[in-house]
Each structure stands twice: as structure tokens, then as C-alpha cells.
$ cat protein_8.cif   # mmCIF, C-alpha atoms
data_work
#
loop_
_atom_site.group_PDB
_atom_site.id
_atom_site.type_symbol
_atom_site.label_atom_id
_atom_site.label_comp_id
_atom_site.auth_asym_id
_atom_site.auth_seq_id
_atom_site.Cartn_x
_atom_site.Cartn_y
_atom_site.Cartn_z
ATOM 1 C CA MET N 1 4.949 16.639 12.868
ATOM 2 C CA LYS N 2 2.519 17.079 15.738
ATOM 3 C CA ASP N 3 2.714 14.803 18.734
ATOM 4 C CA ALA N 4 -0.341 12.593 19.184
ATOM 5 C CA LYS N 5 -1.371 9.263 20.623
ATOM 6 C CA LEU N 6 -0.391 6.269 18.497
ATOM 7 C CA ASP N 7 -3.653 5.480 16.744
ATOM 8 C CA MET N 8 -3.797 5.658 12.897
ATOM 9 C CA ARG N 9 -7.233 3.993 12.692
ATOM 10 C CA MET N 10 -9.450 5.101 9.820
ATOM 11 C CA ASP N 11 -12.382 3.459 11.596
ATOM 12 C CA GLN N 12 -12.355 4.526 15.237
ATOM 13 C CA SER N 13 -14.611 1.607 16.212
ATOM 14 C CA GLN N 14 -12.012 -1.027 15.309
ATOM 15 C CA LYS N 15 -9.904 -2.402 18.137
ATOM 16 C CA LEU N 16 -6.451 -2.557 16.514
ATOM 17 C CA SER N 17 -4.579 0.749 16.632
ATOM 18 C CA ALA N 18 -0.970 1.765 16.082
ATOM 19 C CA TYR N 19 -0.448 1.528 19.847
ATOM 20 C CA GLU N 20 -1.141 -2.235 19.813
ATOM 21 C CA VAL N 21 1.044 -2.790 16.750
ATOM 22 C CA VAL N 22 4.009 -0.922 18.259
ATOM 23 C CA ASN N 23 3.663 -2.225 21.805
ATOM 24 C CA GLU N 24 2.302 -5.762 21.415
ATOM 25 C CA TYR N 25 3.575 -7.223 18.143
ATOM 26 C CA ASP N 26 6.646 -9.439 18.435
ATOM 27 C CA TYR N 27 9.976 -8.647 16.783
ATOM 28 C CA GLU N 28 9.456 -10.892 13.725
ATOM 29 C CA THR N 29 6.020 -9.439 12.995
ATOM 30 C CA LEU N 30 7.230 -5.840 13.322
ATOM 31 C CA LEU N 31 10.222 -6.607 11.111
ATOM 32 C CA ASN N 32 7.971 -8.138 8.467
ATOM 33 C CA ILE N 33 5.539 -5.201 8.529
ATOM 34 C CA PHE N 34 8.302 -2.579 8.311
ATOM 35 C CA TYR N 35 10.123 -4.387 5.521
ATOM 36 C CA THR N 36 7.069 -5.426 3.510
ATOM 37 C CA TYR N 37 4.774 -2.411 3.885
ATOM 38 C CA GLY N 38 7.400 0.269 4.480
ATOM 39 C CA GLU N 39 10.197 -1.142 2.322
ATOM 40 C CA GLU N 40 12.618 0.123 4.969
ATOM 41 C CA ASN N 41 16.160 -1.252 4.700
ATOM 42 C CA LEU N 42 16.910 -0.852 8.408
ATOM 43 C CA SER N 43 13.741 -2.614 9.570
ATOM 44 C CA LYS N 44 15.731 -5.001 11.782
ATOM 45 C CA VAL N 45 17.386 -2.328 13.903
ATOM 46 C CA ILE N 46 14.190 -0.283 14.117
ATOM 47 C CA ALA N 47 12.092 -3.279 15.227
ATOM 48 C CA LYS N 48 14.745 -4.254 17.770
ATOM 49 C CA LYS N 49 14.897 -0.714 19.227
ATOM 50 C CA ILE N 50 11.091 -0.511 19.445
ATOM 51 C CA ILE N 51 10.987 -3.778 21.421
ATOM 52 C CA GLU N 52 13.729 -2.427 23.705
ATOM 53 C CA LYS N 53 12.041 0.970 24.346
ATOM 54 C CA ARG N 54 8.451 -0.167 24.970
ATOM 55 C CA PRO N 55 6.006 1.166 25.975
ATOM 56 C CA ILE N 56 5.823 3.848 23.300
ATOM 57 C CA ASN N 57 2.731 6.030 23.612
ATOM 58 C CA THR N 58 2.984 8.893 21.129
ATOM 59 C CA THR N 59 4.072 9.643 17.593
ATOM 60 C CA MET N 60 7.014 11.772 18.710
ATOM 61 C CA GLU N 61 8.213 9.043 21.076
ATOM 62 C CA LEU N 62 8.186 6.638 18.136
ATOM 63 C CA VAL N 63 10.061 9.124 15.929
ATOM 64 C CA LYS N 64 12.701 9.486 18.660
ATOM 65 C CA VAL N 65 13.083 5.688 18.943
ATOM 66 C CA ILE N 66 13.460 5.364 15.161
ATOM 67 C CA ASN N 67 16.093 8.119 15.176
ATOM 68 C CA GLU N 68 17.986 6.363 17.987
ATOM 69 C CA ALA N 69 17.868 3.105 16.055
ATOM 70 C CA VAL N 70 19.259 4.408 12.763
ATOM 71 C CA GLY N 71 21.373 7.410 13.793
ATOM 72 C CA ASN N 72 21.028 11.072 12.875
ATOM 73 C CA LYS N 73 22.718 10.909 9.457
ATOM 74 C CA TYR N 74 20.560 8.077 8.074
ATOM 75 C CA PHE N 75 17.496 9.618 9.719
ATOM 76 C CA SER N 76 18.089 13.028 8.075
ATOM 77 C CA LEU N 77 18.855 11.623 4.637
ATOM 78 C CA ASN N 78 16.297 8.808 4.370
ATOM 79 C CA HIS N 79 13.379 9.732 6.673
ATOM 80 C CA PRO N 80 12.707 6.164 7.831
ATOM 81 C CA GLU N 81 9.978 7.440 10.158
ATOM 82 C CA ARG N 82 7.777 8.086 7.102
ATOM 83 C CA LYS N 83 8.192 4.509 5.920
ATOM 84 C CA ILE N 84 7.591 3.076 9.404
ATOM 85 C CA PHE N 85 4.467 5.180 9.955
ATOM 86 C CA GLN N 86 3.195 4.152 6.512
ATOM 87 C CA ALA N 87 3.807 0.488 7.311
ATOM 88 C CA ILE N 88 1.993 0.746 10.643
ATOM 89 C CA ARG N 89 -0.944 2.581 9.024
ATOM 90 C CA ILE N 90 -1.244 -0.093 6.319
ATOM 91 C CA GLU N 91 -1.228 -2.826 8.989
ATOM 92 C CA VAL N 92 -3.737 -1.086 11.275
ATOM 93 C CA ASN N 93 -6.242 -0.460 8.488
ATOM 94 C CA SER N 94 -5.622 -3.619 6.416
ATOM 95 C CA GLU N 95 -5.296 -1.303 3.452
ATOM 96 C CA LEU N 96 -3.780 -3.776 1.001
ATOM 97 C CA LYS N 97 -6.240 -6.535 1.920
ATOM 98 C CA VAL N 98 -9.131 -4.134 1.361
ATOM 99 C CA LEU N 99 -7.749 -3.168 -2.049
ATOM 100 C CA GLU N 100 -7.324 -6.850 -3.014
ATOM 101 C CA SER N 101 -10.938 -7.610 -2.110
ATOM 102 C CA VAL N 102 -12.660 -4.486 -3.414
ATOM 103 C CA LEU N 103 -11.211 -4.360 -6.950
ATOM 104 C CA PRO N 104 -12.657 -7.712 -8.133
ATOM 105 C CA ASP N 105 -16.014 -6.697 -6.627
ATOM 106 C CA ALA N 106 -15.887 -3.346 -8.422
ATOM 107 C CA ILE N 107 -15.027 -5.032 -11.727
ATOM 108 C CA SER N 108 -17.954 -7.444 -11.373
ATOM 109 C CA MET N 109 -20.365 -4.527 -10.807
ATOM 110 C CA LEU N 110 -19.337 -2.623 -13.944
ATOM 111 C CA LYS N 111 -21.672 -2.530 -16.905
ATOM 112 C CA PRO N 112 -20.148 -2.968 -20.392
ATOM 113 C CA GLY N 113 -18.366 0.248 -21.300
ATOM 114 C CA GLY N 114 -18.014 1.249 -17.648
ATOM 115 C CA ARG N 115 -14.579 2.267 -16.460
ATOM 116 C CA ILE N 116 -12.569 2.103 -13.267
ATOM 117 C CA CYS N 117 -9.688 4.471 -12.671
ATOM 118 C CA VAL N 118 -7.313 3.788 -9.786
ATOM 119 C CA ILE N 119 -4.627 6.159 -8.559
ATOM 120 C CA THR N 120 -1.946 4.553 -6.421
ATOM 121 C CA PHE N 121 0.719 6.329 -4.395
ATOM 122 C CA HIS N 122 2.796 3.372 -3.283
ATOM 123 C CA SER N 123 4.522 0.538 -5.147
ATOM 124 C CA LEU N 124 2.729 -2.140 -3.099
ATOM 125 C CA GLU N 125 -0.677 -0.702 -3.994
ATOM 126 C CA ASP N 126 0.292 -0.336 -7.640
ATOM 127 C CA ARG N 127 1.514 -3.936 -7.847
ATOM 128 C CA ILE N 128 -1.834 -5.213 -6.541
ATOM 129 C CA VAL N 129 -3.836 -3.062 -8.979
ATOM 130 C CA LYS N 130 -1.612 -4.078 -11.893
ATOM 131 C CA GLN N 131 -1.903 -7.805 -11.086
ATOM 132 C CA ILE N 132 -5.681 -7.733 -10.634
ATOM 133 C CA PHE N 133 -6.219 -5.738 -13.830
ATOM 134 C CA LYS N 134 -3.923 -8.153 -15.693
ATOM 135 C CA LYS N 135 -5.772 -11.197 -14.349
ATOM 136 C CA TYR N 136 -9.191 -9.897 -15.443
ATOM 137 C CA SER N 137 -7.990 -8.631 -18.849
ATOM 138 C CA GLU N 138 -6.528 -11.913 -20.109
ATOM 139 C CA VAL N 139 -8.020 -15.182 -21.321
ATOM 140 C CA ASP N 140 -7.981 -17.851 -18.618
ATOM 141 C CA GLU N 141 -4.832 -20.023 -18.899
ATOM 142 C CA MET N 142 -6.945 -23.236 -18.912
ATOM 143 C CA VAL N 143 -8.506 -22.427 -22.264
ATOM 144 C CA LYS N 144 -5.840 -20.286 -23.901
ATOM 145 C CA GLY N 145 -5.179 -21.593 -27.406
ATOM 146 C CA LEU N 146 -8.603 -23.184 -27.924
ATOM 147 C CA PRO N 147 -10.246 -22.277 -31.241
ATOM 148 C CA VAL N 148 -13.412 -21.122 -29.443
ATOM 149 C CA ILE N 149 -13.212 -19.638 -25.946
ATOM 150 C CA PRO N 150 -16.341 -20.127 -23.799
ATOM 151 C CA ASP N 151 -17.783 -16.814 -22.558
ATOM 152 C CA GLU N 152 -17.085 -17.574 -18.876
ATOM 153 C CA TYR N 153 -13.326 -17.783 -19.668
ATOM 154 C CA LYS N 154 -13.095 -14.603 -21.749
ATOM 155 C CA PRO N 155 -11.598 -11.451 -20.237
ATOM 156 C CA LEU N 156 -14.036 -9.220 -18.347
ATOM 157 C CA ILE N 157 -12.101 -6.018 -18.959
ATOM 158 C CA LYS N 158 -9.638 -4.374 -21.285
ATOM 159 C CA LEU N 159 -6.769 -2.153 -20.241
ATOM 160 C CA VAL N 160 -7.407 1.395 -21.455
ATOM 161 C CA ASN N 161 -3.751 2.228 -20.912
ATOM 162 C CA LYS N 162 -1.085 -0.486 -21.005
ATOM 163 C CA LYS N 163 1.333 1.542 -18.877
ATOM 164 C CA PRO N 164 0.318 3.675 -15.912
ATOM 165 C CA ILE N 165 -0.302 7.369 -16.525
ATOM 166 C CA LEU N 166 2.219 9.439 -14.600
ATOM 167 C CA PRO N 167 1.949 13.091 -13.530
ATOM 168 C CA SER N 168 3.080 15.674 -16.069
ATOM 169 C CA ASP N 169 5.919 18.098 -15.379
ATOM 170 C CA LYS N 170 3.324 20.848 -14.914
ATOM 171 C CA GLU N 171 1.458 18.820 -12.302
ATOM 172 C CA LEU N 172 4.708 17.962 -10.515
ATOM 173 C CA ASP N 173 5.529 21.684 -10.340
ATOM 174 C CA GLU N 174 2.088 22.508 -8.941
ATOM 175 C CA ASN N 175 1.788 19.467 -6.664
ATOM 176 C CA THR N 176 4.999 17.766 -5.546
ATOM 177 C CA ARG N 177 2.982 15.115 -3.666
ATOM 178 C CA SER N 178 1.877 13.712 -7.036
ATOM 179 C CA LYS N 179 5.428 12.465 -7.663
ATOM 180 C CA SER N 180 4.628 8.852 -6.768
ATOM 181 C CA ALA N 181 1.110 8.791 -8.275
ATOM 182 C CA LYS N 182 0.231 6.258 -10.967
ATOM 183 C CA LEU N 183 -3.134 6.110 -12.722
ATOM 184 C CA ARG N 184 -4.414 2.865 -14.229
ATOM 185 C CA VAL N 185 -7.669 2.653 -16.195
ATOM 186 C CA ILE N 186 -9.735 -0.365 -17.289
ATOM 187 C CA GLU N 187 -13.014 -0.728 -19.185
ATOM 188 C CA ARG N 188 -15.601 -3.497 -18.883
ATOM 189 C CA ILE N 189 -16.008 -5.442 -22.113
#
$ encode --input "protein_8.cif" --output "C-alpha cells"
Amino acid sequence: MKDAKLDMRMDQSQKLSAYEVVNEYDYETLLNIFYTYGEENLSKVIAKKIIEKRPINTTMELVKVINEAVGNKYFSLNHPERKIFQAIRIEVNSELKVLESVLPDAISMLKPGGRICVITFHSLEDRIVKQIFKKYSEVDEMVKGLPVIPDEYKPLIKLVNKKPILPSDKELDENTRSKSAKLRVIERI
């Protein structure tokens, strides 16, 4: 890992960067971000150590603080720095909120027969995609069971694949980063 300023912004014009998250967020907020977006089991001790060691200016400083918080053995075996950096990046760029807002818009723009394919690399992303696709592929609960369903309550899409498509053994051999990838496909009705 190269040492760099704490930033992680995809849009350099936005104000919030990783520096503000690490150095200005309170303990409870950091804990919530690390646990929710990073799914890190030792979020409490990491958040506490970050608060204690502020200011933290660079990526390597943050890695060192995380290592101090969890100890060398846990650090070597579990790589919590990856989860913490992921969590901070998701927070800085509002990645999950963007996904939640863009998918319904994309579905509404599809013409009948049009398809959307989404590849996710994280369980939080996949859960959002799965829930949105499910919502738009089922009959509205209010009218379920009626003999005639009004058009505005009918599903907008159908699931092309019920289960996500996972990488093949060949792809895993050629590209180990594809290990966590899941592909979901829908089609506009």
C-alpha cells in the first residue's frame, strides 16, 4: 500500500473526504460506519483507537492505528484495514445511497425487453440490488390476490436469473478478485 493523504473522494469537488470522517466523526458514528459498511468485528476498538490517536493524516498512519488497535495476529490474519478503508470510502462517496436511488430510476427508463445487469462485489451492495429487483418484480401487496390486477400495480420487471450468477472456476483462476462478484439481471416487462 502506498502512503497518501486521507481522501477517497470519487468527486474531488465534494467537501467530505476520508480526512474529515477519520478526524471529525464522533466515536458512535465511526463505530456504526465500520460495523455497518465494513462488517468489521473489532469496530469498537478500532474506533476508540482512532479517536485516541487523532489527528491522522495519511493512509499509512491509519493502517498503523488499526494495527495498534487490534494487535499483530488479528491484523495479519483478518486484514481489518481493508474493511475499514472500504467503510470509509462508502461513507465518503455515499455509495450505497447512490445505488438505492439510481436503480429505480434506471428501471423506469427501460423500454420493454430492455435489461439491466448489475455486478456487486460486497454483500451490502448485493442486498440492496436484490431487494430493489424483488420489489419491482412482484405484484404490489395491496392488490395481491385480486382477480384482475390494475396495470399500475403489476410488476415492471422480471428476474432473468432467480439466483445471482457467480464466477466460474476458470474465471476465479484467471481473476482472483472476481471471488466476491455476483451478477443479477432483470428485464423490463
$ atom_distance --input "protein_8.cif" --atom1 "CA of Lys49 in chain N" --atom2 "CA of Asn67 in chain N"
9.8 Å
$ atom_distance --input "protein_8.cif" --atom1 "CA of Tyr136 in chain N" --atom2 "CA of Ala106 in chain N"
11.7 Å
$ resolve_selection --input "protein_8.cif" --expression "the PyMOL selection byres ((chain N and resi 30-44) around 7)" --output "list in words"
Tyr25, Asp26, Tyr27, Glu28, Thr29, Val45, Ile46, Ala47, Lys48, Pro80, Lys83, Ile84, Gln86, Ala87 and Ile90 of chain N
$ write_last_selection --input "protein_8.cif" --atoms "C-alpha atoms" --output "PDB file, in the coordinates of the input"
ATOM      1  CA  TYR N  25       3.575  -7.223  18.143  1.00  0.00           C
ATOM      2  CA  ASP N  26       6.646  -9.439  18.435  1.00  0.00           C
ATOM      3  CA  TYR N  27       9.976  -8.647  16.783  1.00  0.00           C
ATOM      4  CA  GLU N  28       9.456 -10.892  13.725  1.00  0.00           C
ATOM      5  CA  THR N  29       6.020  -9.439  12.995  1.00  0.00           C
ATOM      6  CA  VAL N  45      17.386  -2.328  13.903  1.00  0.00           C
ATOM      7  CA  ILE N  46      14.190  -0.283  14.117  1.00  0.00           C
ATOM      8  CA  ALA N  47      12.092  -3.279  15.227  1.00  0.00           C
ATOM      9  CA  LYS N  48      14.745  -4.254  17.770  1.00  0.00           C
ATOM     10  CA  PRO N  80      12.707   6.164   7.831  1.00  0.00           C
ATOM     11  CA  LYS N  83       8.192   4.509   5.920  1.00  0.00           C
ATOM     12  CA  ILE N  84       7.591   3.076   9.404  1.00  0.00           C
ATOM     13  CA  GLN N  86       3.195   4.152   6.512  1.00  0.00           C
ATOM     14  CA  ALA N  87       3.807   0.488   7.311  1.00  0.00           C
ATOM     15  CA  ILE N  90      -1.244  -0.093   6.319  1.00  0.00           C
TER      16      ILE N  90
END
$ atom_distance --input "protein_8.cif" --atom1 "CA of Glu125 in chain N" --atom2 "CA of Glu61 in chain N"
28.3 Å
$ residues_around --input "protein_8.cif" --residues "range 178-184 of chain N" --least-positions-apart "2" --cutoff "7 Å" --atoms "only C-alpha atoms" --output "list of chain:residue names"
N:Cys117, N:Val118, N:Ile119, N:Thr120, N:Phe121, N:His122, N:Asn161, N:Pro164, N:Ile165, N:Leu166, N:Pro167, N:Leu172, N:Asn175, N:Thr176, N:Ile186
$ closest_residue --input "protein_8.cif" --among "N:Lys73, N:Arg89, N:Met1, N:Arg54" --to "Ser17 in chain N" --atoms "all atoms listed in the file"
N:Arg89
$ closest_residue --input "protein_8.cif" --among "N:His79, N:Arg115, N:Lys158, N:Lys130" --to "Leu99 in chain N" --atoms "only C-alpha atoms"
N:Lys130
$ resolve_selection --input "protein_8.cif" --expression "the PyMOL selection byres ((chain N and resi 22) around 9)" --output "number ranges by chain"
N: 6, 17-21, 23-26, 30, 47, 50-51, 54-57, 62, 88
